Amino acid sequence: MTDWYGRRASWWAPLEAAARRRLGPTLSHQHILDPACYTGQCEIVVYRIEALEVIGDPDPVEVTIRFHKLPPYDTYGLSPEDYPRVFAKPGATSKHRMPDGALCMWMPLDPPQRRWTHDKGLLELVELTRRHLFLEDYWRRTGVWLLEDAPHGLPQSEGGGRTWSTPKQRKPAGRPRRRQSSSSL
């Protein structure tokens with residue numbers, strides 16, 4: 001038995017608890033060995049959601065989330081449990097997909113409050129996935145990405161290394177809220 005996080009119930013049970021309650025039997029998970037790996041160190045926890053409802057999509061979407069023990073992709077210094085691969089609608093056109101077809105939902109070098117981390121739970125990752133799929137569908141129909149749109153790749157610094165600065169948050173649209181006077185409290 002290995003000490004890999006994906007084998008510890010103390011990791012996966014809290015991760016999936018809220019998602020199990022919300023998604024019920026449409027959510028499944030299994031531990032597998034990557035057949036392309038011959039070292040025996042390439043374990044993967046795979047979550048599947050049979051039928052994720054996405055606003056604007058008439059057909060439920062099958063989603064696969066893969067947590068790798070030794071990811072075959074760059075995690076940019078993040079722990080593998082904080083940088084899983086999420087797959088849905090293979091081959092769909094999108095401006096936010098990884099070369100392997102995984103959804104690109106956050107910038108890995110953003111601070112934790114701007115990206116998903118395992119302590120936020122699987123349900124939050126599923127909801128990010130649902131939102132991303134809606135945004136992709138809307139973009140395919142209109143050419144407009146409705147939310148903040150980070151560039152892909154890591155920009156080059158003057159010294160030739162890769163850097164990233166988080167885009168500034170957009171201000172909420174609409175009229176500013178009126179302040180309540182202390183007499184109305």
# chains A, B, ... in the order shown; residues from 1 in each chain; ligands from 1

$ residues_around --residues "Asp74 (chain A)" --least-positions-apart "4" --cutoff "12 Å" --atoms "only C-alpha atoms" --output "PyMOL selection string"
chain A and resi 68+70+78-80+83-85+98-100+108-109

$ closest_residue --among "A:Arg131, A:His96, A:Arg7, A:Lys120" --to "Asp57 (chain A)" --atoms "only C-alpha atoms"
A:Arg131

$ closest_residue --among "A:Pro111, A:Tyr76, A:Asp149, A:Ile55" --to "Leu133 (chain A)" --atoms "only C-alpha atoms"
A:Ile55

$ residues_around --residues "Thr26 (chain A)" --least-positions-apart "3" --cutoff "9 Å" --atoms "only C-alpha atoms" --output "PyMOL selection string"
chain A and resi 20+23+48-52
